[in-house]
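Peer 1: Input query33.cif, format and content: mmCIF, C-alpha atoms.
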data_start
#
loop_
_atom_site.group_PDB
_atom_site.id
_atom_site.type_symbol
_atom_site.label_atom_id
_atom_site.label_comp_id
_atom_site.auth_asym_id
_atom_site.auth_seq_id
_atom_site.Cartn_x
_atom_site.Cartn_y
_atom_site.Cartn_z
ATOM 1 C CA MET M 1 74.996 344.973 166.910
ATOM 2 C CA ALA M 2 76.986 343.464 169.809
ATOM 3 C CA LYS M 3 77.848 345.795 172.689
ATOM 4 C CA GLN M 4 81.178 347.591 172.485
ATOM 5 C CA LEU M 5 84.268 345.564 173.425
ATOM 6 C CA TYR M 6 86.781 347.210 175.775
ATOM 7 C CA TRP M 7 90.463 346.427 176.310
ATOM 8 C CA GLU M 8 89.651 345.378 179.883
ATOM 9 C CA ASP M 9 87.210 342.738 178.556
ATOM 10 C CA VAL M 10 89.910 340.609 176.905
ATOM 11 C CA GLU M 11 92.808 338.507 178.138
ATOM 12 C CA VAL M 12 95.386 336.296 176.437
ATOM 13 C CA ASP M 13 93.497 333.297 174.979
ATOM 14 C CA THR M 14 90.186 335.169 174.856
ATOM 15 C CA GLU M 15 88.448 333.967 171.701
ATOM 16 C CA VAL M 16 87.269 336.272 168.967
ATOM 17 C CA THR M 17 83.581 335.727 168.176
ATOM 18 C CA THR M 18 83.455 333.050 165.473
ATOM 19 C CA LEU M 19 82.116 334.236 162.110
ATOM 20 C CA PRO M 20 80.644 331.447 159.943
ATOM 21 C CA LYS M 21 80.656 331.889 156.167
ATOM 22 C CA VAL M 22 78.959 329.862 153.459
ATOM 23 C CA ALA M 23 80.665 330.485 150.121
ATOM 24 C CA THR M 24 78.688 329.725 147.009
ATOM 25 C CA ARG M 25 79.482 330.018 143.303
ATOM 26 C CA ARG M 26 76.990 332.884 143.366
ATOM 27 C CA MET M 27 78.973 334.693 146.083
ATOM 28 C CA LEU M 28 82.173 334.234 144.063
ATOM 29 C CA VAL M 29 80.487 335.836 141.053
ATOM 30 C CA LYS M 30 79.447 338.789 143.244
ATOM 31 C CA TRP M 31 82.981 339.038 144.613
ATOM 32 C CA ALA M 32 84.531 338.942 141.142
ATOM 33 C CA GLY M 33 82.313 341.826 140.074
ATOM 34 C CA ALA M 34 82.747 343.853 143.258
ATOM 35 C CA SER M 35 86.509 343.466 143.498
ATOM 36 C CA GLY M 36 87.377 343.287 139.820
ATOM 37 C CA ASP M 37 89.161 339.931 140.076
ATOM 38 C CA PHE M 38 88.010 338.028 136.995
ATOM 39 C CA ASN M 39 90.539 335.214 137.208
ATOM 40 C CA PRO M 40 88.752 332.185 135.681
ATOM 41 C CA LEU M 41 90.326 330.071 138.427
ATOM 42 C CA HIS M 42 87.240 331.059 140.416
ATOM 43 C CA TYR M 43 84.395 330.345 137.956
ATOM 44 C CA ASP M 44 85.617 328.235 135.029
ATOM 45 C CA ASP M 45 85.689 324.472 135.679
ATOM 46 C CA SER M 46 88.024 323.654 132.798
ATOM 47 C CA PHE M 47 90.495 326.415 133.631
ATOM 48 C CA ALA M 48 90.503 325.505 137.331
ATOM 49 C CA GLU M 49 91.327 321.922 136.428
ATOM 50 C CA SER M 50 94.118 323.010 134.093
ATOM 51 C CA GLN M 51 95.636 325.028 136.950
ATOM 52 C CA GLY M 52 95.724 321.963 139.150
ATOM 53 C CA VAL M 53 93.104 322.961 141.715
ATOM 54 C CA GLY M 54 90.352 320.592 140.568
ATOM 55 C CA LYS M 55 87.315 322.851 140.663
ATOM 56 C CA PRO M 56 86.939 326.638 140.946
ATOM 57 C CA ILE M 57 88.287 327.828 144.298
ATOM 58 C CA ILE M 58 87.305 330.651 146.618
ATOM 59 C CA HIS M 59 89.276 333.854 145.946
ATOM 60 C CA GLY M 60 91.986 334.308 148.565
ATOM 61 C CA ALA M 61 91.074 337.983 148.792
ATOM 62 C CA LEU M 62 87.480 337.078 149.663
ATOM 63 C CA LYS M 63 88.683 334.932 152.583
ATOM 64 C CA ARG M 64 90.903 337.825 153.583
ATOM 65 C CA GLN M 65 87.891 340.115 153.616
ATOM 66 C CA TRP M 66 85.974 337.648 155.790
ATOM 67 C CA LEU M 67 88.853 337.663 158.280
ATOM 68 C CA ILE M 68 88.830 341.463 158.243
ATOM 69 C CA GLN M 69 85.095 341.310 159.020
ATOM 70 C CA LEU M 70 85.860 338.816 161.821
ATOM 71 C CA MET M 71 87.933 341.542 163.469
ATOM 72 C CA THR M 72 85.794 344.603 162.682
ATOM 73 C CA ASP M 73 82.659 342.835 163.988
ATOM 74 C CA TRP M 74 84.461 341.892 167.205
ATOM 75 C CA ILE M 75 86.074 345.256 167.975
ATOM 76 C CA GLY M 76 82.921 347.305 167.350
ATOM 77 C CA GLU M 77 82.701 350.889 166.130
ATOM 78 C CA GLU M 78 84.990 352.303 168.812
ATOM 79 C CA GLY M 79 87.731 349.776 167.994
ATOM 80 C CA THR M 80 90.321 350.219 165.241
ATOM 81 C CA LEU M 81 91.935 347.567 163.077
ATOM 82 C CA ARG M 82 95.575 348.648 162.902
ATOM 83 C CA LYS M 83 97.407 345.695 161.371
ATOM 84 C CA PHE M 84 96.258 342.641 159.492
ATOM 85 C CA SER M 85 97.906 339.829 157.569
ATOM 86 C CA CYS M 86 96.938 336.467 156.120
ATOM 87 C CA GLN M 87 98.285 333.784 153.795
ATOM 88 C CA TYR M 88 96.444 331.306 151.602
ATOM 89 C CA ARG M 89 97.821 327.912 152.608
ATOM 90 C CA ALA M 90 95.105 325.648 151.230
ATOM 91 C CA MET M 91 92.245 325.851 148.778
ATOM 92 C CA ASP M 92 88.630 326.241 149.807
ATOM 93 C CA TYR M 93 85.723 325.471 147.529
ATOM 94 C CA PRO M 94 82.301 327.123 147.191
ATOM 95 C CA ARG M 95 78.971 325.322 147.288
ATOM 96 C CA LEU M 96 76.951 325.050 144.108
ATOM 97 C CA MET M 97 73.478 326.580 143.962
ATOM 98 C CA LYS M 98 70.196 324.749 144.547
ATOM 99 C CA THR M 99 67.910 327.666 143.609
ATOM 100 C CA MET M 100 68.534 331.221 142.438
ATOM 101 C CA THR M 101 69.541 332.180 145.970
ATOM 102 C CA GLU M 102 69.815 329.016 148.095
ATOM 103 C CA PRO M 103 72.993 326.951 148.138
ATOM 104 C CA GLN M 104 73.175 323.186 148.073
ATOM 105 C CA GLU M 105 74.120 321.357 151.251
ATOM 106 C CA GLY M 106 77.820 321.484 151.855
ATOM 107 C CA GLU M 107 80.649 322.982 153.822
ATOM 108 C CA THR M 108 80.453 325.951 156.166
ATOM 109 C CA LEU M 109 83.735 327.749 156.801
ATOM 110 C CA TYR M 110 84.505 329.338 160.153
ATOM 111 C CA CYS M 111 86.524 332.487 160.718
ATOM 112 C CA LYS M 112 88.093 332.267 164.155
ATOM 113 C CA GLY M 113 90.635 334.057 166.284
ATOM 114 C CA LYS M 114 92.302 334.194 169.657
ATOM 115 C CA VAL M 115 94.110 336.874 171.661
ATOM 116 C CA THR M 116 97.872 336.333 171.954
ATOM 117 C CA LYS M 117 98.974 339.577 173.621
ATOM 118 C CA LYS M 118 97.556 342.734 175.156
ATOM 119 C CA TYR M 119 99.657 345.832 175.780
ATOM 120 C CA VAL M 120 99.667 349.615 175.853
ATOM 121 C CA GLU M 121 101.681 351.701 173.380
ATOM 122 C CA GLY M 122 101.571 355.413 174.174
ATOM 123 C CA ASP M 123 97.876 356.042 174.727
ATOM 124 C CA GLU M 124 96.740 353.122 172.556
ATOM 125 C CA HIS M 125 95.403 349.938 174.160
ATOM 126 C CA CYS M 126 96.450 347.185 171.782
ATOM 127 C CA VAL M 127 95.525 343.545 171.335
ATOM 128 C CA ASP M 128 97.289 341.054 169.037
ATOM 129 C CA CYS M 129 95.389 338.047 167.703
ATOM 130 C CA ILE M 130 96.042 334.978 165.626
ATOM 131 C CA ILE M 131 93.191 334.347 163.233
ATOM 132 C CA GLY M 132 92.234 331.949 160.480
ATOM 133 C CA VAL M 133 89.621 330.441 158.235
ATOM 134 C CA GLU M 134 88.907 326.904 159.384
ATOM 135 C CA ASN M 135 87.273 324.275 157.169
ATOM 136 C CA GLU M 136 84.959 321.521 158.364
ATOM 137 C CA LYS M 137 87.887 319.145 158.825
ATOM 138 C CA GLY M 138 89.260 321.595 161.392
ATOM 139 C CA GLU M 139 92.166 322.638 159.140
ATOM 140 C CA ILE M 140 93.184 326.296 159.063
ATOM 141 C CA THR M 141 93.321 327.001 155.338
ATOM 142 C CA THR M 142 93.919 330.724 155.697
ATOM 143 C CA PRO M 143 96.004 331.646 158.754
ATOM 144 C CA GLY M 144 96.680 335.226 159.775
ATOM 145 C CA ARG M 145 97.326 337.829 162.431
ATOM 146 C CA ALA M 146 95.687 341.062 163.453
ATOM 147 C CA THR M 147 96.460 343.951 165.782
ATOM 148 C CA VAL M 148 93.565 346.035 167.041
ATOM 149 C CA ILE M 149 93.235 349.097 169.263
ATOM 150 C CA LEU M 150 90.369 348.959 171.726
ATOM 151 C CA PRO M 151 88.780 351.669 173.818
ATOM 152 C CA SER M 152 89.674 351.511 177.510
ATOM 153 C CA ARG M 153 87.443 352.111 180.488
ATOM 154 C CA GLY M 154 90.439 353.973 181.962
ATOM 155 C CA MET A 1 119.023 331.478 142.658
ATOM 156 C CA LEU A 2 116.901 333.529 140.330
ATOM 157 C CA PRO A 3 118.356 334.900 137.066
ATOM 158 C CA GLU A 4 119.423 338.539 136.977
ATOM 159 C CA GLU A 5 116.783 339.122 134.290
ATOM 160 C CA ILE A 6 114.243 338.730 137.111
ATOM 161 C CA THR A 7 116.081 340.153 140.144
ATOM 162 C CA LYS A 8 116.966 343.375 138.300
ATOM 163 C CA PHE A 9 113.331 344.402 138.919
ATOM 164 C CA ILE A 10 113.848 344.639 142.686
ATOM 165 C CA GLY A 11 113.174 348.272 143.565
ATOM 166 C CA GLN A 12 111.166 348.804 140.377
ATOM 167 C CA GLU A 13 108.198 351.120 140.780
ATOM 168 C CA THR A 14 105.258 349.278 139.313
ATOM 169 C CA GLY A 15 102.833 352.117 138.877
ATOM 170 C CA THR A 16 100.542 354.638 140.446
ATOM 171 C CA SER A 17 96.765 354.339 140.330
ATOM 172 C CA ILE A 18 94.176 356.939 141.200
ATOM 173 C CA PHE A 19 90.619 355.975 142.087
ATOM 174 C CA GLU A 20 87.486 357.465 143.583
ATOM 175 C CA VAL A 21 85.753 355.780 146.498
ATOM 176 C CA GLU A 22 81.970 355.867 146.230
ATOM 177 C CA ARG A 23 79.036 354.698 148.359
ATOM 178 C CA GLU A 24 77.441 352.345 145.832
ATOM 179 C CA THR A 25 80.758 350.648 145.094
ATOM 180 C CA ILE A 26 81.313 350.203 148.831
ATOM 181 C CA ARG A 27 77.814 348.707 149.225
ATOM 182 C CA ARG A 28 78.391 346.268 146.372
ATOM 183 C CA PHE A 29 81.692 345.206 147.933
ATOM 184 C CA ALA A 30 80.120 344.759 151.383
ATOM 185 C CA ASP A 31 77.282 342.773 149.806
ATOM 186 C CA ALA A 32 79.747 340.409 148.111
ATOM 187 C CA VAL A 33 81.448 339.759 151.460
ATOM 188 C CA ASP A 34 78.002 339.455 153.101
ATOM 189 C CA ASP A 35 78.992 342.079 155.688
ATOM 190 C CA PRO A 36 75.955 344.021 156.980
ATOM 191 C CA ASN A 37 77.996 346.556 158.996
ATOM 192 C CA PRO A 38 75.861 349.749 158.752
ATOM 193 C CA LEU A 39 79.006 351.888 158.481
ATOM 194 C CA TYR A 40 79.356 350.523 154.942
ATOM 195 C CA TRP A 41 75.660 350.850 154.012
ATOM 196 C CA ASP A 42 73.753 353.509 155.936
ATOM 197 C CA GLU A 43 74.759 357.164 155.462
ATOM 198 C CA GLU A 44 72.455 358.434 158.256
ATOM 199 C CA TYR A 45 73.870 355.884 160.682
ATOM 200 C CA ALA A 46 77.445 356.596 159.616
ATOM 201 C CA LYS A 47 76.955 360.377 160.003
ATOM 202 C CA LYS A 48 76.127 359.890 163.696
ATOM 203 C CA SER A 49 79.145 357.603 164.250
ATOM 204 C CA ARG A 50 82.734 358.698 164.794
ATOM 205 C CA CYS A 51 83.354 357.970 161.083
ATOM 206 C CA GLY A 52 81.134 360.860 160.016
ATOM 207 C CA SER A 53 80.199 359.243 156.719
ATOM 208 C CA ILE A 54 80.102 355.859 155.034
ATOM 209 C CA ILE A 55 83.540 354.252 155.107
ATOM 210 C CA ALA A 56 85.051 351.536 152.972
ATOM 211 C CA PRO A 57 85.858 348.221 154.657
ATOM 212 C CA PRO A 58 89.584 347.906 155.356
ATOM 213 C CA GLY A 59 90.940 346.049 152.357
ATOM 214 C CA PHE A 60 88.537 347.636 149.854
ATOM 215 C CA ILE A 61 91.468 349.603 148.428
ATOM 216 C CA SER A 62 93.133 346.385 147.184
ATOM 217 C CA SER A 63 90.402 345.762 144.615
ATOM 218 C CA PRO A 64 91.915 345.004 141.200
ATOM 219 C CA TRP A 65 89.466 347.575 139.775
ATOM 220 C CA PHE A 66 91.700 350.208 141.340
ATOM 221 C CA SER A 67 95.049 349.119 139.964
ATOM 222 C CA GLY A 68 96.653 349.864 136.637
ATOM 223 C CA ARG A 69 94.939 353.267 136.386
ATOM 224 C CA PRO A 70 97.478 356.076 136.267
ATOM 225 C CA THR A 71 94.658 358.496 135.534
ATOM 226 C CA LYS A 72 91.088 358.397 136.862
ATOM 227 C CA TRP A 73 89.807 356.825 133.680
ATOM 228 C CA PRO A 74 91.533 354.546 131.184
ATOM 229 C CA GLU A 75 92.989 357.056 128.720
ATOM 230 C CA ARG A 76 96.462 355.640 128.332
ATOM 231 C CA GLY A 77 99.353 354.254 126.444
ATOM 232 C CA ALA A 78 101.571 352.020 128.580
ATOM 233 C CA THR A 79 103.574 353.969 131.146
ATOM 234 C CA SER A 80 107.195 353.028 131.714
ATOM 235 C CA SER A 81 106.161 351.286 134.971
ATOM 236 C CA GLU A 82 103.553 349.209 133.176
ATOM 237 C CA ALA A 83 106.105 348.278 130.511
ATOM 238 C CA ALA A 84 108.507 347.212 133.280
ATOM 239 C CA VAL A 85 105.848 344.998 134.884
ATOM 240 C CA ALA A 86 105.153 343.396 131.506
ATOM 241 C CA ASP A 87 108.897 342.771 131.069
ATOM 242 C CA LEU A 88 109.137 341.232 134.537
ATOM 243 C CA PHE A 89 106.259 338.856 133.830
ATOM 244 C CA THR A 90 107.804 337.925 130.488
ATOM 245 C CA ALA A 91 111.086 337.169 132.283
ATOM 246 C CA LEU A 92 109.237 335.059 134.881
ATOM 247 C CA VAL A 93 107.424 333.044 132.225
ATOM 248 C CA LYS A 94 110.667 332.600 130.265
ATOM 249 C CA ALA A 95 112.303 331.192 133.423
ATOM 250 C CA GLY A 96 109.486 328.642 133.685
ATOM 251 C CA PHE A 97 107.335 330.433 136.279
ATOM 252 C CA TRP A 98 104.112 330.558 134.321
ATOM 253 C CA ARG A 99 101.593 330.014 137.104
ATOM 254 C CA VAL A 100 100.757 332.757 139.604
ATOM 255 C CA LEU A 101 99.136 332.345 142.980
ATOM 256 C CA ASP A 102 98.234 334.958 145.571
ATOM 257 C CA GLY A 103 100.570 334.308 148.493
ATOM 258 C CA GLY A 104 98.980 336.672 150.954
ATOM 259 C CA MET A 105 98.754 340.233 152.133
ATOM 260 C CA GLU A 106 99.869 342.320 155.067
ATOM 261 C CA TYR A 107 98.229 345.655 155.901
ATOM 262 C CA GLU A 108 98.827 348.609 158.161
ATOM 263 C CA PHE A 109 95.780 350.872 158.408
ATOM 264 C CA PHE A 110 96.386 354.483 159.467
ATOM 265 C CA ALA A 111 93.096 356.250 158.709
ATOM 266 C CA PRO A 112 89.641 355.258 157.450
ATOM 267 C CA VAL A 113 88.850 355.507 153.751
ATOM 268 C CA GLN A 114 85.625 357.470 153.339
ATOM 269 C CA ALA A 115 83.082 357.584 150.562
ATOM 270 C CA GLY A 116 84.052 360.636 148.517
ATOM 271 C CA ASP A 117 87.803 360.164 148.949
ATOM 272 C CA THR A 118 90.202 360.026 146.004
ATOM 273 C CA ILE A 119 92.980 357.553 146.701
ATOM 274 C CA THR A 120 96.394 357.386 145.044
ATOM 275 C CA ALA A 121 98.096 353.994 145.235
ATOM 276 C CA SER A 122 101.830 353.750 144.483
ATOM 277 C CA SER A 123 103.523 350.380 144.241
ATOM 278 C CA VAL A 124 107.124 349.210 144.268
ATOM 279 C CA ILE A 125 108.687 345.744 144.095
ATOM 280 C CA LYS A 126 110.441 345.319 147.438
ATOM 281 C CA ASP A 127 112.030 341.944 146.790
ATOM 282 C CA ILE A 128 112.018 338.880 144.531
ATOM 283 C CA VAL A 129 113.170 335.652 146.165
ATOM 284 C CA GLY A 130 113.645 332.147 144.784
ATOM 285 C CA ARG A 131 112.470 329.203 146.902
ATOM 286 C CA GLU A 132 112.286 325.444 146.549
ATOM 287 C CA GLY A 133 108.871 323.874 147.219
ATOM 288 C CA ARG A 134 107.151 320.474 146.965
ATOM 289 C CA THR A 135 106.262 321.169 143.355
ATOM 290 C CA GLY A 136 109.655 322.571 142.387
ATOM 291 C CA LYS A 137 111.217 325.998 142.115
ATOM 292 C CA MET A 138 109.167 329.076 142.933
ATOM 293 C CA ALA A 139 109.702 332.827 142.761
ATOM 294 C CA PHE A 140 108.182 335.004 145.492
ATOM 295 C CA LEU A 141 107.408 338.578 144.505
ATOM 296 C CA PHE A 142 106.913 341.106 147.339
ATOM 297 C CA THR A 143 105.161 344.344 146.361
ATOM 298 C CA GLU A 144 104.572 347.289 148.665
ATOM 299 C CA THR A 145 101.751 349.728 147.976
ATOM 300 C CA THR A 146 101.257 353.060 149.726
ATOM 301 C CA TYR A 147 97.727 354.527 149.694
ATOM 302 C CA THR A 148 97.318 358.289 150.092
ATOM 303 C CA ASN A 149 94.084 360.272 150.155
ATOM 304 C CA GLN A 150 93.281 363.646 148.556
ATOM 305 C CA ASN A 151 94.593 365.432 151.672
ATOM 306 C CA GLY A 152 97.999 363.822 151.322
ATOM 307 C CA GLU A 153 97.436 361.526 154.332
ATOM 308 C CA VAL A 154 98.784 357.995 154.079
ATOM 309 C CA VAL A 155 95.681 355.916 154.840
ATOM 310 C CA ALA A 156 97.213 352.454 154.466
ATOM 311 C CA LYS A 157 100.225 350.441 153.415
ATOM 312 C CA ALA A 158 99.981 346.966 151.932
ATOM 313 C CA ARG A 159 102.644 344.322 151.346
ATOM 314 C CA GLY A 160 101.417 341.712 148.894
ATOM 315 C CA THR A 161 103.085 338.440 147.984
ATOM 316 C CA SER A 162 102.614 336.629 144.687
ATOM 317 C CA ILE A 163 103.978 333.138 144.183
ATOM 318 C CA HIS A 164 105.198 332.257 140.694
ATOM 319 C CA ARG A 165 105.818 328.615 139.786
#
Can I see the file as structure tokens?

Peer 2:
Amino acid sequence: MAKQLYWEDVEVDTEVTTLPKVATRRMLVKWAGASGDFNPLHYDDSFAESQGVGKPIIHGALKRQWLIQLMTDWIGEEGTLRKFSCQYRAMDYPRLMKTMTEPQEGETLYCKGKVTKKYVEGDEHCVDCIIGVENEKGEITTPGRATVILPSRG
Amino acid sequence: MLPEEITKFIGQETGTSIFEVERETIRRFADAVDDPNPLYWDEEYAKKSRCGSIIAPPGFISSPWFSGRPTKWPERGATSSEAAVADLFTALVKAGFWRVLDGGMEYEFFAPVQAGDTITASSVIKDIVGREGRTGKMAFLFTETTYTNQNGEVVAKARGTSIHR
């Protein structure tokens, strides 16, 4: 695990450690089962087409969970995620499978973030970030914001 | 402008769900995200951390498994809240809004959710707003859910948006 991040370690424009994600049809099946979202938009080719998205798309909530991981990985065990938000502005698509466990070649998505503000509220050392899932074209398909509380060296 | 048949549901409570948070369910969720954080997997590790036990990832509580369950297991006839939600969706479809998309989520996290907790989730429709988009008219539904644990502590609040078109 990375060493603990402290409030004094970040400034405005400090980048959150990028978290790459490869989504596969297999991962979407796991997510459907784990979260209970069985919308065929995410696994049924014919239904996805009828809904106007072309092929099955990645669940928005799965991208949300990646962005939550982006923050929890960065802030470490002594940090706290206080606020989080995201919107699904564009579709992202999973890779198909080559073997039982290996995906075909294809897109890697990148969860990224940047500090916009640091401040103290009471005894809490807070940091606001803008975050997002970025596709290989450099488009932010899933923008968001997060507020975290970091430990301080005092 | 949305018809009154739809906007009359603003303020409608849309149900209370009760669910139990368990280690294996947390592990399965973390595995689906591909998140190896030991706080979600390793009880011995988690015991030595400030969490004291395995915790659920923030956001775990939004799983559709945990909604629509007014009791811990599905013994039910439709509650009045469920009937209201069904009526709202019928009204939306009747007005031509037959597709639904997830428009996003906003969270405030107040306390960790631990394996072993029982969570009660209560939802209310905060607002329903009509908007004009590229593809035509849309209805935005804003739902607020308050999550409380077995000790009566509010652990999180969520504001979800669904887009109907």

Peer 1: For chain A, work out the contacting residues on chain M at 10 Å, counting only C-alpha atoms, and write them as JSON, numbers by chain.

Peer 2: {"M": [1, 21, 22, 23, 26, 27, 28, 29, 30, 31, 32, 33, 34, 35, 36, 37, 38, 51, 59, 60, 61, 62, 63, 64, 65, 66, 68, 69, 70, 72, 73, 76, 77, 78, 80, 81, 82, 83, 84, 85, 86, 87, 88, 89, 142, 143, 144, 145, 146, 147]}

Peer 1: Can you list, as a PyMOL selection string, the residues that the PyMOL selection byres ((chain A and resi 119) around 12) selects here?

Peer 2: chain A and resi 16-22+56+60-62+66-67+69-72+112-118+120-122+145-156

Peer 1: Write out as a ChimeraX atom specification the residues lying within 9 Å of A:Ala139, counting only C-alpha atoms and excluding same-chain residues fewer than 2 positions away.

Peer 2: /A:2,92,97,128-132,137,141,162-165

Peer 1: How many Å lie between atom CA of M:Cys129 and atom CA of M:Gly154, rounded to one decimal?

Peer 2: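 So the answer is 21.9 Å.
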
Peer 1: Mind giving me the straight-line distance from atom CA of M:Asp45 to atom CA of M:Glu105 in Å, one decimal?

Peer 2: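 Pair atom CA of M:Asp45 / atom CA of M:Glu105 returns 19.6 Å.
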